[in-house]
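Content type mmCIF, C-alpha atoms, from the file coords.cif:
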data_target
#
loop_
_atom_site.group_PDB
_atom_site.id
_atom_site.type_symbol
_atom_site.label_atom_id
_atom_site.label_comp_id
_atom_site.auth_asym_id
_atom_site.auth_seq_id
_atom_site.Cartn_x
_atom_site.Cartn_y
_atom_site.Cartn_z
ATOM 1 C CA MET A 1 -106.781 -76.294 52.268
ATOM 2 C CA ALA A 2 -109.175 -73.893 50.549
ATOM 3 C CA ASP A 3 -111.031 -71.167 52.448
ATOM 4 C CA LEU A 4 -113.589 -72.945 54.628
ATOM 5 C CA THR A 5 -115.765 -69.832 54.700
ATOM 6 C CA LEU A 6 -116.650 -70.585 51.070
ATOM 7 C CA LEU A 7 -117.629 -74.131 51.976
ATOM 8 C CA GLU A 8 -119.778 -72.892 54.851
ATOM 9 C CA ALA A 9 -121.497 -70.540 52.409
ATOM 10 C CA ALA A 10 -122.202 -73.468 50.062
ATOM 11 C CA LEU A 11 -123.571 -75.464 53.010
ATOM 12 C CA HIS A 12 -125.632 -72.466 54.184
ATOM 13 C CA TYR A 13 -124.310 -73.259 57.639
ATOM 14 C CA THR A 14 -121.636 -71.580 59.789
ATOM 15 C CA PHE A 15 -119.916 -73.790 62.335
ATOM 16 C CA HIS A 16 -119.705 -72.800 65.978
ATOM 17 C CA ASN A 17 -116.735 -75.151 66.347
ATOM 18 C CA ARG A 18 -114.908 -75.287 63.035
ATOM 19 C CA SER A 19 -112.596 -78.040 64.295
ATOM 20 C CA TYR A 20 -115.403 -80.496 63.515
ATOM 21 C CA LEU A 21 -115.386 -79.397 59.889
ATOM 22 C CA LYS A 22 -111.595 -79.498 59.651
ATOM 23 C CA LEU A 23 -111.564 -83.064 60.972
ATOM 24 C CA ALA A 24 -114.320 -84.070 58.543
ATOM 25 C CA LEU A 25 -112.114 -82.922 55.675
ATOM 26 C CA THR A 26 -108.981 -84.749 56.858
ATOM 27 C CA HIS A 27 -108.218 -87.828 54.756
ATOM 28 C CA PRO A 28 -106.909 -90.993 56.500
ATOM 29 C CA SER A 29 -103.574 -90.535 54.705
ATOM 30 C CA CYS A 30 -102.840 -87.677 57.127
ATOM 31 C CA GLY A 31 -102.545 -89.981 60.119
ATOM 32 C CA PRO A 32 -104.710 -91.201 63.002
ATOM 33 C CA GLU A 33 -106.579 -87.895 63.401
ATOM 34 C CA ASN A 34 -108.797 -88.290 60.343
ATOM 35 C CA ASN A 35 -112.429 -88.361 59.233
ATOM 36 C CA GLN A 36 -113.127 -92.092 59.476
ATOM 37 C CA ARG A 37 -114.955 -91.959 62.817
ATOM 38 C CA LEU A 38 -117.018 -89.039 61.563
ATOM 39 C CA GLU A 39 -117.796 -91.003 58.406
ATOM 40 C CA PHE A 40 -119.251 -93.763 60.586
ATOM 41 C CA LEU A 41 -121.439 -91.309 62.485
ATOM 42 C CA GLY A 42 -122.432 -89.417 59.349
ATOM 43 C CA ASP A 43 -123.654 -92.610 57.701
ATOM 44 C CA ALA A 44 -126.046 -93.151 60.635
ATOM 45 C CA VAL A 45 -127.216 -89.517 60.541
ATOM 46 C CA LEU A 46 -127.866 -89.722 56.806
ATOM 47 C CA GLN A 47 -129.748 -93.021 57.103
ATOM 48 C CA LEU A 48 -132.044 -91.523 59.745
ATOM 49 C CA ALA A 49 -132.574 -88.218 57.937
ATOM 50 C CA MET A 50 -133.343 -89.909 54.633
ATOM 51 C CA GLY A 51 -135.508 -92.478 56.399
ATOM 52 C CA ASP A 52 -137.510 -89.631 57.930
ATOM 53 C CA PHE A 53 -137.836 -88.008 54.509
ATOM 54 C CA VAL A 54 -139.001 -91.021 52.499
ATOM 55 C CA PHE A 55 -141.357 -92.118 55.297
ATOM 56 C CA SER A 56 -143.108 -88.746 55.455
ATOM 57 C CA HIS A 57 -143.188 -88.162 51.692
ATOM 58 C CA HIS A 58 -144.282 -91.636 50.599
ATOM 59 C CA PRO A 59 -147.239 -92.868 52.674
ATOM 60 C CA GLU A 60 -148.095 -95.203 49.794
ATOM 61 C CA LEU A 61 -144.914 -97.267 50.142
ATOM 62 C CA GLU A 62 -144.537 -100.391 52.256
ATOM 63 C CA GLU A 63 -141.331 -101.258 54.123
ATOM 64 C CA GLY A 64 -139.597 -102.822 51.109
ATOM 65 C CA GLY A 65 -140.264 -99.814 48.893
ATOM 66 C CA LEU A 66 -139.113 -97.384 51.574
ATOM 67 C CA THR A 67 -135.919 -99.364 52.123
ATOM 68 C CA PHE A 68 -135.149 -99.469 48.395
ATOM 69 C CA LEU A 69 -135.745 -95.735 47.941
ATOM 70 C CA ARG A 70 -133.625 -94.802 50.965
ATOM 71 C CA ALA A 71 -130.792 -97.043 49.732
ATOM 72 C CA ARG A 72 -130.917 -95.322 46.346
ATOM 73 C CA MET A 73 -130.687 -91.892 47.958
ATOM 74 C CA VAL A 74 -127.736 -92.698 50.237
ATOM 75 C CA ARG A 75 -125.601 -94.824 47.898
ATOM 76 C CA GLU A 76 -122.036 -93.797 47.094
ATOM 77 C CA GLU A 77 -122.901 -92.323 43.692
ATOM 78 C CA THR A 78 -125.490 -89.975 45.213
ATOM 79 C CA LEU A 79 -123.153 -88.918 48.033
ATOM 80 C CA CYS A 80 -120.412 -88.273 45.485
ATOM 81 C CA ALA A 81 -122.731 -86.129 43.358
ATOM 82 C CA VAL A 82 -123.646 -83.991 46.388
ATOM 83 C CA ALA A 83 -119.961 -83.684 47.330
ATOM 84 C CA ARG A 84 -119.056 -82.573 43.803
ATOM 85 C CA SER A 85 -121.824 -79.957 43.855
ATOM 86 C CA LEU A 86 -120.059 -78.458 46.883
ATOM 87 C CA HIS A 87 -116.589 -78.804 45.283
ATOM 88 C CA LEU A 88 -115.748 -80.772 48.420
ATOM 89 C CA GLY A 89 -112.610 -82.289 46.915
ATOM 90 C CA SER A 90 -110.877 -78.910 46.838
ATOM 91 C CA TYR A 91 -111.246 -78.607 50.622
ATOM 92 C CA LEU A 92 -109.833 -82.019 51.539
ATOM 93 C CA LYS A 93 -106.575 -82.340 53.455
ATOM 94 C CA LEU A 94 -104.426 -85.225 52.146
ATOM 95 C CA ASN A 95 -100.783 -86.170 52.278
ATOM 96 C CA HIS A 96 -98.735 -85.410 49.169
ATOM 97 C CA GLY A 97 -98.734 -88.950 47.816
ATOM 98 C CA SER A 98 -102.495 -89.330 48.028
ATOM 99 C CA ASP A 99 -103.006 -85.899 46.526
ATOM 100 C CA ILE A 100 -100.896 -86.494 43.419
ATOM 101 C CA SER A 101 -102.435 -89.960 42.926
ATOM 102 C CA GLY A 102 -105.885 -88.402 42.488
ATOM 103 C CA GLU A 103 -107.487 -89.359 45.800
ATOM 104 C CA ARG A 104 -109.006 -85.882 46.064
ATOM 105 C CA GLU A 105 -111.542 -86.665 43.338
ATOM 106 C CA ARG A 106 -112.033 -90.395 43.891
ATOM 107 C CA PRO A 107 -115.763 -91.142 44.346
ATOM 108 C CA ALA A 108 -115.297 -93.243 47.508
ATOM 109 C CA VAL A 109 -113.182 -90.508 49.121
ATOM 110 C CA LEU A 110 -115.736 -87.816 48.289
ATOM 111 C CA ALA A 111 -118.627 -89.956 49.553
ATOM 112 C CA ASP A 112 -116.792 -90.630 52.819
ATOM 113 C CA ALA A 113 -116.025 -86.939 53.267
ATOM 114 C CA MET A 114 -119.653 -85.997 52.615
ATOM 115 C CA GLU A 115 -120.790 -88.361 55.363
ATOM 116 C CA ALA A 116 -118.141 -86.912 57.665
ATOM 117 C CA VAL A 117 -119.356 -83.362 56.992
ATOM 118 C CA LEU A 118 -122.891 -84.408 57.941
ATOM 119 C CA ALA A 119 -121.514 -85.818 61.193
ATOM 120 C CA ALA A 120 -119.642 -82.563 61.805
ATOM 121 C CA VAL A 121 -122.860 -80.585 61.460
ATOM 122 C CA TYR A 122 -124.639 -83.059 63.748
ATOM 123 C CA LEU A 123 -121.983 -82.685 66.449
ATOM 124 C CA ASP A 124 -121.923 -78.916 66.069
ATOM 125 C CA ALA A 125 -125.669 -78.240 66.043
ATOM 126 C CA GLY A 126 -127.674 -81.455 66.461
ATOM 127 C CA TYR A 127 -129.821 -83.737 64.352
ATOM 128 C CA GLU A 128 -132.373 -81.165 63.166
ATOM 129 C CA GLN A 129 -129.678 -79.028 61.532
ATOM 130 C CA ALA A 130 -128.056 -82.069 59.933
ATOM 131 C CA ALA A 131 -131.414 -83.250 58.567
ATOM 132 C CA LYS A 132 -132.101 -79.736 57.261
ATOM 133 C CA LEU A 133 -128.778 -79.902 55.411
ATOM 134 C CA VAL A 134 -129.677 -83.248 53.850
ATOM 135 C CA ASN A 135 -133.045 -81.924 52.694
ATOM 136 C CA ALA A 136 -131.398 -78.844 51.192
ATOM 137 C CA LEU A 137 -128.475 -80.527 49.430
ATOM 138 C CA TRP A 138 -129.811 -83.851 48.209
ATOM 139 C CA PRO A 139 -131.197 -84.046 44.666
ATOM 140 C CA ASP A 140 -134.831 -84.818 43.977
ATOM 141 C CA GLU A 141 -135.347 -88.574 43.999
ATOM 142 C CA LYS A 142 -136.518 -88.465 40.368
ATOM 143 C CA ALA A 143 -133.059 -87.186 39.411
ATOM 144 C CA VAL A 144 -131.274 -90.061 41.165
ATOM 145 C CA PRO A 145 -130.788 -92.982 38.770
ATOM 146 C CA ILE A 146 -131.955 -96.421 39.793
ATOM 147 C CA PRO A 147 -128.904 -98.685 40.146
ATOM 148 C CA VAL A 148 -128.414 -100.931 37.152
ATOM 149 C CA THR A 149 -127.176 -103.677 39.449
ATOM 150 C CA ASP A 150 -127.810 -103.996 43.138
ATOM 151 C CA CYS A 151 -126.579 -107.472 43.865
ATOM 152 C CA LYS A 152 -127.505 -107.362 47.554
ATOM 153 C CA THR A 153 -131.150 -106.595 46.755
ATOM 154 C CA GLU A 154 -131.236 -109.192 43.975
ATOM 155 C CA LEU A 155 -129.738 -111.832 46.271
ATOM 156 C CA GLN A 156 -132.242 -111.089 49.031
ATOM 157 C CA GLU A 157 -135.141 -111.361 46.596
ATOM 158 C CA LEU A 158 -133.771 -114.608 45.162
ATOM 159 C CA LEU A 159 -133.401 -116.201 48.601
ATOM 160 C CA GLN A 160 -136.847 -115.045 49.683
ATOM 161 C CA GLY A 161 -138.270 -116.555 46.493
ATOM 162 C CA LYS A 162 -136.739 -119.889 47.502
ATOM 163 C CA GLY A 163 -138.165 -119.586 51.015
ATOM 164 C CA LEU A 164 -134.700 -119.173 52.526
ATOM 165 C CA PRO A 165 -133.553 -116.755 55.268
ATOM 166 C CA CYS A 166 -132.258 -113.299 54.339
ATOM 167 C CA PRO A 167 -128.518 -113.131 53.598
ATOM 168 C CA GLU A 168 -126.124 -112.428 56.438
ATOM 169 C CA TYR A 169 -122.823 -110.641 55.749
ATOM 170 C CA LYS A 170 -119.708 -111.178 57.850
ATOM 171 C CA THR A 171 -116.413 -109.311 57.558
ATOM 172 C CA LEU A 172 -113.627 -111.897 57.412
ATOM 173 C CA SER A 173 -110.639 -109.541 57.310
ATOM 174 C CA GLU A 174 -109.479 -105.929 57.045
ATOM 175 C CA GLU A 175 -105.990 -105.417 55.621
ATOM 176 C CA GLY A 176 -103.766 -102.521 54.605
ATOM 177 C CA PRO A 177 -103.257 -98.972 55.899
ATOM 178 C CA ALA A 178 -106.258 -96.846 56.788
ATOM 179 C CA HIS A 179 -106.348 -95.009 53.455
ATOM 180 C CA MET A 180 -105.867 -98.191 51.384
ATOM 181 C CA ARG A 181 -107.945 -100.695 53.366
ATOM 182 C CA THR A 182 -109.118 -103.938 51.732
ATOM 183 C CA PHE A 183 -112.150 -105.689 53.215
ATOM 184 C CA THR A 184 -113.018 -109.341 52.654
ATOM 185 C CA VAL A 185 -116.673 -110.212 53.280
ATOM 186 C CA ALA A 186 -118.579 -113.496 53.054
ATOM 187 C CA VAL A 187 -122.348 -113.896 52.714
ATOM 188 C CA TYR A 188 -124.294 -116.709 54.345
ATOM 189 C CA SER A 189 -127.800 -118.132 54.408
ATOM 190 C CA GLU A 190 -128.773 -120.888 56.840
ATOM 191 C CA GLU A 191 -125.144 -120.744 58.053
ATOM 192 C CA LYS A 192 -123.934 -121.828 54.606
ATOM 193 C CA GLU A 193 -121.428 -119.613 52.818
ATOM 194 C CA LEU A 194 -122.737 -118.611 49.406
ATOM 195 C CA GLY A 195 -119.904 -116.363 48.252
ATOM 196 C CA ARG A 196 -117.237 -113.884 49.266
ATOM 197 C CA GLY A 197 -115.827 -110.682 47.841
ATOM 198 C CA GLU A 198 -113.304 -107.899 48.371
ATOM 199 C CA GLY A 199 -113.458 -104.125 48.175
ATOM 200 C CA ASN A 200 -111.887 -100.920 49.469
ATOM 201 C CA ARG A 201 -115.088 -100.242 51.409
ATOM 202 C CA LYS A 202 -117.168 -102.724 53.371
ATOM 203 C CA LYS A 203 -120.244 -101.920 51.285
ATOM 204 C CA ARG A 204 -118.366 -102.687 48.075
ATOM 205 C CA ALA A 205 -117.065 -105.957 49.499
ATOM 206 C CA GLU A 206 -120.634 -106.908 50.442
ATOM 207 C CA GLN A 207 -121.814 -106.182 46.889
ATOM 208 C CA ALA A 208 -118.965 -108.318 45.513
ATOM 209 C CA ALA A 209 -119.885 -111.157 47.888
ATOM 210 C CA ALA A 210 -123.535 -110.909 46.836
ATOM 211 C CA GLU A 211 -122.495 -111.001 43.170
ATOM 212 C CA ALA A 212 -120.445 -114.151 43.821
ATOM 213 C CA ALA A 213 -123.399 -115.707 45.657
ATOM 214 C CA LEU A 214 -125.721 -114.949 42.737
ATOM 215 C CA ARG A 215 -123.323 -116.624 40.319
ATOM 216 C CA TYR A 216 -123.211 -119.673 42.581
ATOM 217 C CA LEU A 217 -126.972 -119.894 43.098
ATOM 218 C CA LYS A 218 -127.667 -119.506 39.384
ATOM 219 C CA SER A 219 -125.086 -122.127 38.450
ATOM 220 C CA GLY A 220 -125.912 -125.786 38.150
ATOM 221 C CA GLU A 221 -124.330 -126.535 41.529
ATOM 222 C CA GLY A 222 -126.084 -123.756 43.426
ATOM 223 C CA ALA A 223 -129.463 -124.458 41.853
ATOM 224 C CA ARG A 224 -129.570 -127.973 43.302
#
Take the structure in this file and express it as structure tokens.
Amino acid sequence: MADLTLLEAALHYTFHNRSYLKLALTHPSCGPENNQRLEFLGDAVLQLAMGDFVFSHHPELEEGGLTFLRARMVREETLCAVARSLHLGSYLKLNHGSDISGERERPAVLADAMEAVLAAVYLDAGYEQAAKLVNALWPDEKAVPIPVTDCKTELQELLQGKGLPCPEYKTLSEEGPAHMRTFTVAVYSEEKELGRGEGNRKKRAEQAAAEAALRYLKSGEGAR
């Protein structure tokens, strides 16, 4: 693992308890002591920090606009870009097999690690410091591209246009080892399954399920 002092310099933050940072940089391939729990917490920290930011900076936006902008700022591609700006991949701890297979620079791995680092800062110094880090590291919203396809948003808008309830996503299964997990997710409206999809992250599986639902609803069968 590279010198963590350099990473702290890039973060403009020095840890009181560096074990948080070390855990945040530990890939699931290294065993049960890995960054997945921190990833979960970091996702929540990021959602709140970015929610605070867009709410205070965009008084003109209603709930839908705020939700869309926050989603754009916390999506995997944006997280990956921030991680790459910190050269986060060079600090990750992986087993040999995952390292030689290129996991160190895989976008999903970098995004997960970035969320875990935010959680590490939160645990080490609290929410205000974590939010300060988000505000310092994240690109200006004008520099973040609007997703070409956001199937979940498109599906929600389509259902609302038909006067139907918002889509509900349910995880049907999780298979494989921690570092090669496959999620299967189904999407429902009015308790009717509209489609299902798979992905190596739950968010990706949800997008795949939404894409399948859109195909169904736009087909002759689904349009009836």
Worksheet item: Using all atoms listed in the file, which residue out of A:Ala136, A:Ala113, A:Leu7, A:Met180 lies closest to Phe53 (chain A)?
Response: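 Selected residue with least distance to Phe53 (chain A): A:Ala136.
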Worksheet item: Counting all atoms listed in the file, which of A:Asn135, A:Ser19, A:Thr184, A:Gln36 gets nearest to Val82 (chain A)?
Response: A:Asn135
Practice prompt. Give me the result of the PyMOL selection byres ((chain A and resi 173) around 12) on this file, residue by residue, as a PyMOL selection string.
Written response: chain A and resi 170-172+174-176+181-186+196-202+205
Keeping only C-alpha atoms, take the residues you just selected and write them out as a PDB file, in the coordinates of the input.
ATOM      1  CA  LYS A 170    -119.708-111.178  57.850  1.00  0.00           C
ATOM      2  CA  THR A 171    -116.413-109.311  57.558  1.00  0.00           C
ATOM      3  CA  LEU A 172    -113.627-111.897  57.412  1.00  0.00           C
ATOM      4  CA  GLU A 174    -109.479-105.929  57.045  1.00  0.00           C
ATOM      5  CA  GLU A 175    -105.990-105.417  55.621  1.00  0.00           C
ATOM      6  CA  GLY A 176    -103.766-102.521  54.605  1.00  0.00           C
ATOM      7  CA  ARG A 181    -107.945-100.695  53.366  1.00  0.00           C
ATOM      8  CA  THR A 182    -109.118-103.938  51.732  1.00  0.00           C
ATOM      9  CA  PHE A 183    -112.150-105.689  53.215  1.00  0.00           C
ATOM     10  CA  THR A 184    -113.018-109.341  52.654  1.00  0.00           C
ATOM     11  CA  VAL A 185    -116.673-110.212  53.280  1.00  0.00           C
ATOM     12  CA  ALA A 186    -118.579-113.496  53.054  1.00  0.00           C
ATOM     13  CA  ARG A 196    -117.237-113.884  49.266  1.00  0.00           C
ATOM     14  CA  GLY A 197    -115.827-110.682  47.841  1.00  0.00           C
ATOM     15  CA  GLU A 198    -113.304-107.899  48.371  1.00  0.00           C
ATOM     16  CA  GLY A 199    -113.458-104.125  48.175  1.00  0.00           C
ATOM     17  CA  ASN A 200    -111.887-100.920  49.469  1.00  0.00           C
ATOM     18  CA  ARG A 201    -115.088-100.242  51.409  1.00  0.00           C
ATOM     19  CA  LYS A 202    -117.168-102.724  53.371  1.00  0.00           C
ATOM     20  CA  ALA A 205    -117.065-105.957  49.499  1.00  0.00           C
TER      21      ALA A 205
END
Worksheet item: Of the candidates A:Leu88, A:Cys151, A:Ala44, A:Leu133, which one gets nearest to Tyr13 (chain A) if we count only C-alpha atoms?
Response: A:Leu133
Practice prompt. Run the PyMOL selection byres ((chain A and resi 64-76) around 9) against the file shown and list the residues it catches, as a PyMOL selection string.
Written response: chain A and resi 43+46-47+50-51+53-55+58+61-63+77-81+107-108+110-112+138-139+141+144-147+153
Worksheet item: Expressed in Å to a single decimal, how great is the separation between CA of Ala83 (chain A) and CA of Ser29 (chain A)?
Response: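 Computed distance, CA of Ala83 (chain A) to CA of Ser29 (chain A), equals 19.2 Å.
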Discussion item. So, with all atoms listed in the file as the atoms that count, which of A:Met114, A:Leu48, A:Leu217, A:Leu94 lies closest to Ala24 (chain A)?
Written reply: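 Counting all atoms listed in the file, the residue closest to Ala24 (chain A) is A:Met114.
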Discussion item. As a check of understanding, name the residues that the PyMOL selection byres ((chain A and resi 211) around 9) selects in the supplied structure, as a PyMOL selection string.
Written reply: chain A and resi 150-152+154-155+195-197+206-210+212-216
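Here CA of Tyr20 (chain A) stands at a distance of 13.8 Å from CA of Thr5 (chain A).
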Discussion item. For a quick check of understanding, using all atoms listed in the file, which of A:Asp3, A:Glu128, A:Glu168, A:Glu190 has the smallest distance to Tyr91 (chain A)?
Written reply: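 When distances to Tyr91 (chain A) are compared using all atoms listed in the file, the smallest one comes from A:Asp3.
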As lines of an AutoDock Vina configuration file, please report the centre and edge lengths, rounded to one decimal in Å, of the axis-aligned box that holds all listed atoms of region 57-71 of chain A with 3 Å of padding on each of the six sides.
center_x = -139.4
center_y = -95.5
center_z = 51.0
size_x = 23.3
size_y = 20.7
size_z = 12.2
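Across A:His12, A:Lys93, A:Glu60, A:Lys203, the tightest approach to Leu137 (chain A) is made by A:His12 when counting all atoms listed in the file.
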Worksheet item: What is the CA of Leu25 (chain A)-CA of Lys132 (chain A) distance in Å, reported with one decimal?
Response: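 If I compute the distance from CA of Leu25 (chain A) to CA of Lys132 (chain A), I get 20.3 Å.
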Fill in: Phe15 (chain A) surroundings by only C-alpha atoms, 12 Å radius, close-in-sequence under 4 positions cut, as number ranges by chain
A: 4-5, 7-9, 11, 19-22, 117-118, 120-126, 129-130
Shell of 7 Å around Pro165 (chain A), only C-alpha atoms, local chain residues under 4 positions omitted, as a tab-separated table (two decimals) with C-alpha atoms, keeping the file's coordinate frame:
chain	number	residue	atom	x	y	z
A	159	LEU	CA	-133.40	-116.20	48.60
A	160	GLN	CA	-136.85	-115.04	49.68
A	189	SER	CA	-127.80	-118.13	54.41
A	190	GLU	CA	-128.77	-120.89	56.84
